[in-house]
Structures are given as C-alpha cells and as structure tokens.
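> Have a look at this one.
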Amino acid sequence: MQWEQLLSLRKQGDIGKRLRKEQDDTRLGFEVDYDRIIFSSAFRSLQDKTQVIPLSKTDFVHTRLTHSLEVSVVGRSLGRLVGKQIIEKHPHLQTIHGYQSNDFGAIVAAAALAHDIGNPPFGHSGEKAIGEYFKTGRGQQYREQLTAKQWQDLIDFEGNANGFSLLTASRPGIEGGVRLSYATLGAFMKYPKESLPKKPTANIADKKYGFFQSDKAFFVSVAKELGLIHNKSGDDTGFERHPLAYLVEAADDICYTIIDFEDGINLGLIPEEYALEYLIKLVKDKVQVEKYKGLTTKEDRLGYLRALAISTLINDAVRIFLENEERILEGKYTHALLSQSKYTAQIDDILEISRNNIYRSREVIEKEVMGYRIINTLLDTFCTAYNNKFENRAGNYDSLVLQLLPEKFITDKKMDLYERLLHICHFVSTLTDGNAVLLYNTIKGKEVN
C-alpha cells in the first residue's frame with residue numbers, strides 16, 4: 001500500500017481526483033469530514049446511547065457521544081504524532097503531494113468520531129439482541145429465503161457494518177450519505193471483510209466484519225481506490241486494513257480501558273484504592289508524587305491518573321505503529337497495536353476488573369435484559385408490518401405501526417426481503433435508548449409518565 005493513495009481526498013460521486021496540494025488549508029477536506037459527522041443526526045443520537053451503564057441518569061457516566069468525542073481527541077493525537085514521523089520518512093508526501101502531518105490527525109479524528117455511529121441502543125447487547133431475534137427468535141422464519149451471507153449479516157448484526165451503511169447510504173436528495181473522504185472511510189473500516197467466512201484467520205482485521213451485502217459494491221470501490229490489499233479468494237471479499245484504522249482502534253482501546261474503569265470507580269462499582277493500585281502501575285514513572293498528594297478530591301486524583309495513563313498509552317501505540325510501518329503497509333501486521341504494548345499486563349488487569357465489577361454488575365445485567373425484550377419487540381412488530389405492506393396483506397394495525405416510522409424510513413422503493421429486514425434493523429439501530437423505551441411502551445399500550 002502507498003501513503004499517497006491511502007490519503008485519498010476523493011468522495012462518493014466525484015468524477016475527478018481531489019489533490020491535496022490544491023486544497024484550501026482553512027477548509028481542508030479531512031476536517032470537513034469531521035464537521036459532517038458532528039452535524040449528522042446519527043451522531044447526535046449517541047448522546048442517549050449506552051457506553052457502559054444502560055439508561056444511566058448520573059451526570060458523570062459516559063454515553064456513546066462523550067466516549068466518541070474522547071476517542072476522537074485521542075485519535076487526533078495519535079494521527080499527528082504518527083503523521084509527523086511519516087512525513088519526515090517520506091518527504092515526497094509533502095513536497096510533491098502537499099500532505100501535512102496534521103492531515104493524519106484529521107483523518108483519524110474524523111474516523112474515530114464516527115467509530116460507534118452504527119451501534120444500536122443498549123450497548124453491545126443491542127447488537128446481540130438484533131442478531132438473536134433472527135437466530136433464535138421469530139426472525140428465524142426468514143432463513144430459507146436469504147443467501148448464506150445475507151443471513152449471516154442479520155444473525156451476527158455488526159455495528160461497524162451498520163456504521164459504514166449509515167455514513168454512505170444514499171436516499172433521495174442525499175446522494176452518498178454523509179459523503180466522507182475515502183481516506184476517512186478507510187480509517188473507519190476496522191474490519192474490511194464481509195460476514196462470511198466468520199473469523200477465517202487470527203488476523204485482527206478478520207475478527208468481525210465491516211459491511212453488509214447491500215453495501216458490498218461501494219465498499220469494494222473504496223478499498224480499490226485506496227489500494228487496500230485483497231486477502232480473500234474465490235467468491236469471498238476482504239482486504240487488509242487501512243494503516244490508519246490501527247490508530248482508530250488504538251484510540252478506542254485506550255479510552256474504554258481507562259475511562260470505563262474511571263466510570264466504574266465514580267459509580268462505586270470499583271473501590272478507589274483499585275485505581276491507586278492499578279493506574280499507578282501503568283504510570284508509575286510519570287507520577288509527580290507531591291502534585292498527586294496535593295489533590296484532595298477523588299475526581300481530581302482520578303483525572304490526574306487518567307490523563308497520565310492515556311498519554312502513556314498514546315506514546316506506546318505510536319511507537320508500535322512506527323516500528324511496524326513497513327509490515328502494516330505490506331498487509332503483514334495482524335495485531336491490534338495495544339496487544340503488543342509493553343503495558344499489556346497492566347491493561348489486562350484493568351480490563352479484568354472492569355469485566356467483573358462493571359460489565360457483569362447487576363445494574364448492567366438488568367438493563368441489558370430489558371434491552372433484549374425491547375429490541376425483540378420492536379423488530380418483530382416493524383418487520384411484520386413492513387413485510388405485510390410489501391406483500392399487500394397489511395392490516396390496519398400494520399398501517400398504524402408503519403406511521404410510527406420516521407419520515408426518512410418511509411419509502412415506496414421496491415426492496416427484496418433482505419433489504420426490507422435490513423431497513424428495519426437500520427431503523428431500530430438509530431433509536432436512542434430512551435426513544436426505544438418510549439416506542440416499546442407505545443406498542444405495549446403502556447402509559448408513559
């Protein structure tokens with residue numbers, strides 16, 4: 001892979017190329033990507049979507065929106081630090097093509113901002129709930145009418161693939177969706193493969209999948225424009241990662257490792273002394289003892305350790321990336337950056353505590369159980385009504401239900417069964433936690449106070 005191709009400014013629908021040296025630095029295309037994401041309705045909905053604690057009403061627990069903003073900030077730092085070294089190593093990127101080190105930061109920041117944009121309500125349990133509706137619920141009835149890959153898209157519903165679809169799907173008057181540059185889309189694509197074969201290798205790029213069958217053609221065109229390396233045979237489609245996708249992943253890994261841990265402490269799910277023990281292990285060489293002793297509140301102590309921990313992991317991720325740049329460009333680097341960190345033991349300890357004290361806490365489990373019931377009901381109600389409409393056997397109840405769909409999800413476009421089912425999955429995935437609860441109560445005939 002070549003950096004000048006990987007940094008493509010092209011957008012969906014462009015006829016010619018967009019050259020970096022012709023860009024207005026006051027309104028750079030990669031920075032426009034960031035702005036477009038910020039102002040999108042899909043991004044705004046993240047303010048009421050679960051990060052760790054579903055439906056939490058406390059003011060210090062992260063939502064998907066605050067998490068995404070923080071991942072974006074970390075991603076920008078990672079991109080700029082890497083970009084500075086890449087430009088120095090490959091000066092033609094600047095002298096001939098006009099690229100700057102901050103371009104790398106802008107690309108990673110935009111992709112990181114969007115990294116959770118396709119996640120359904122109720123956290124990762126929302127993805128599983130959608131998949132299980134088709135795998136073990138009433139959605140099983142559709143199995144024989146779909147191809148193996150279409151079916152896998154549904155039973156293994158993936159927020160990353162859904163995010164790619166939300167960012168790129170056209171609708172009347174909105175061609176190309178959010179219309180991001182191909183470089184940003186490439187950095188966003190952490191798992192550049194289709195849903196089957198599932199986990200064919202130990203390569204981190206094969207861990208999940210990154211596009212639905214309905215988006216395959218455009219996904220492939222983006223990958224080819226960027227020069228990504230095709231790594232599947234026969235009828236299967238998959239590519240090696242865009243190098244900057246490793247930085248987006250690292251930014252996410254850094255934030256959920258440290259900040260979910262911090263949330264657990266603030267909620268009282270993890271004793272503060274754990275923070276002292278485990279975070280200090282991570283940053284012991286950087287802690288200014290006198291400054292730390294002078295902090296009188298738990299919030300300030302945690303904030304100080306969190307900032308040091310994030311800085312430590314950023315620098316380590318940059319080191320790992322730069323040491324492996326050639327292997328990454330050759331498509332031969334198969335690990336997440338932090339999995340090769342010299343702080344792996346400390347990271348694993350923190351994650352284990354978070355799993356036991358936060359992700360498996362009763363509060364989280366109770367809300368996830370409720371989320372499963374809500375999503376199952378919404379999918380069944382809307383899939384049934386939508387299919388009945390297209391098969392000309394909709395009753396009055398079906399017609400009423402479909403009037404609950406937002407305007408942008410109402411269409412007379414002819415769709416096959418797979419497209420119809422995915423259309424409803426897209427709708428449910430865009431709901432906030434709160435709106436999913438309200439819609440569920442409406443369908444169940446419950447009064448909302």
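The way I read the labels, and the way they are meant: chains A, B, ... in the order of the structure tokens, residue 1 as the first residue of every chain, and ligand 1 as the first ligand shown, with later ones counted on from there.
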Write out, as a tab-separated table, each residue of segment 73-187 of chain A that has an atom at most 8 Å from segment 236-248 of chain A, together with the closest pair of atoms and their distance in Å to one decimal, counting only C-alpha atoms, rows going by chain and rising number.

```
residue	atom	partner	partner_atom	distance
A:Gly75	CA	A:Val248	CA	5.9
A:Leu78	CA	A:Leu247	CA	6.5
A:Gly79	CA	A:Leu247	CA	7.0
A:Phe104	CA	A:Leu244	CA	8.0
A:Val108	CA	A:Val248	CA	5.9
A:Ala109	CA	A:Val248	CA	7.8
A:Ala111	CA	A:Val248	CA	6.8
A:Ala112	CA	A:Val248	CA	5.3
A:His115	CA	A:Val248	CA	7.9
A:Gly186	CA	A:His242	CA	5.6
A:Ala187	CA	A:Ala245	CA	4.1
```
> Applying 6 Å and only C-alpha atoms, which residues near Gly159 of chain A remain after dropping the ones on its own chain fewer than 3 positions away? List them as a PyMOL selection string.
chain A and resi 118-119+162-163
> Just the selected residues (N, CA and C atoms), exported as a PDB file, in the first residue's frame, please.

```
ATOM      1  N   GLY A 118     -22.775   3.442  14.290  1.00  0.00           N
ATOM      2  CA  GLY A 118     -23.726   2.412  13.879  1.00  0.00           C
ATOM      3  C   GLY A 118     -24.209   1.524  15.010  1.00  0.00           C
ATOM      4  N   ASN A 119     -23.793   1.819  16.240  1.00  0.00           N
ATOM      5  CA  ASN A 119     -24.180   0.958  17.355  1.00  0.00           C
ATOM      6  C   ASN A 119     -25.639   1.160  17.741  1.00  0.00           C
ATOM      7  N   ASN A 162     -22.950  -1.522  10.175  1.00  0.00           N
ATOM      8  CA  ASN A 162     -24.091  -0.619  10.201  1.00  0.00           C
ATOM      9  C   ASN A 162     -23.624   0.835  10.123  1.00  0.00           C
ATOM     10  N   GLY A 163     -22.493   1.127  10.768  1.00  0.00           N
ATOM     11  CA  GLY A 163     -21.946   2.476  10.698  1.00  0.00           C
ATOM     12  C   GLY A 163     -21.529   2.844   9.288  1.00  0.00           C
TER      13      GLY A 163
END
```
> One decimal, Å: what's the distance from atom CA of Ser8 of chain A over to atom CA of Lys84 of chain A, could you say?
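Taking atom CA of Ser8 of chain A and atom CA of Lys84 of chain A, their separation equals 18.1 Å.
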> If we count only C-alpha atoms, what is near Glu391 of chain A at a cut-off of 12 Å, once residues fewer than 4 positions away on the same chain are taken out, given as a PyMOL selection string?
chain A and resi 384-387+395+398+414-417+420
> I need the residue nearest Ile96 of chain A from this list: A:Lys11, A:Gly177, A:Leu438, A:Glu22. Use only C-alpha atoms for the distance.
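Nearest to Ile96 of chain A: A:Glu22.
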> Considering only C-alpha atoms, can you say which of A:Ile353, A:Cys425, A:Ile365, A:Ala114 comes closest to Thr66 of chain A?
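Nearest to Thr66 of chain A: A:Ala114.
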> Report as a list in words all protein, DNA and RNA residues lying within 6 Å of segment 188-191 of chain A, evaluated on only C-alpha atoms, omitting residues in the same chain fewer than 3 positions from it.
Ala111, Leu185, Ala205, Lys208, Tyr209, Gly210 and Ala245 of chain A
> What's around Gly303 of chain A at 12 Å? Count only C-alpha atoms, leave out sequence neighbours fewer than 3 positions away in its own chain, and write the answer as a list in words.
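Answer for this query is Ile258, Ile259, Phe261, Glu262, Asp263, Ile265, Asn266, Ala275, Leu276, Leu279, Tyr292, Leu295, Thr296, Thr297, Lys298, Glu299, Asp300, Arg306, Ala307, Leu308, Ala309 and Ile310 of chain A.
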> Mind dumping the selected residues with C-alpha atoms as a compact mmCIF listing (two decimals), in the first residue's frame?

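selection04.txt was written with the following content:
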```txt
# COMPACT_ATOMS: atom_id res chain seq x y z
CA ILE A 258 -9.07 3.78 31.11
CA ILE A 259 -12.37 5.68 31.05
CA PHE A 261 -12.55 1.94 34.62
CA GLU A 262 -12.93 5.53 35.79
CA ASP A 263 -16.73 5.33 35.35
CA ILE A 265 -14.93 3.99 40.24
CA ASN A 266 -17.24 7.03 40.07
CA ALA A 275 -7.39 2.97 40.88
CA LEU A 276 -4.45 3.78 43.06
CA LEU A 279 -3.48 3.01 37.38
CA TYR A 292 -0.65 13.83 43.45
CA LEU A 295 -5.11 16.60 45.15
CA THR A 296 -7.89 16.49 47.74
CA THR A 297 -10.84 15.01 45.81
CA LYS A 298 -11.38 11.62 44.24
CA GLU A 299 -12.38 13.30 40.98
CA ASP A 300 -9.11 15.23 40.77
CA ARG A 306 -6.34 9.12 33.78
CA ALA A 307 -4.51 11.87 31.87
CA LEU A 308 -1.14 10.26 32.59
CA ALA A 309 -2.42 6.80 31.63
CA ILE A 310 -3.86 7.99 28.32
```
> Can you work out which one of A:Asp235, A:Asp33, A:Asp433, A:Glu325 has the shortest atom-to-atom distance to Gly83 of chain A, counting only C-alpha atoms?
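The answer is A:Glu325, which sits nearest to Gly83 of chain A.
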> Would you please work out which residue, of A:Lys389, A:Ser341, A:Lys216, A:Pro271, is nearest to Asp412 of chain A when using only C-alpha atoms?
A:Lys389
> Within 6 Å of segment 147-154 of chain A, counting only C-alpha atoms, which residues show up once you throw out same-chain ones fewer than 6 positions away? Write them as a ChimeraX atom specification, please.
/A:131,195-196
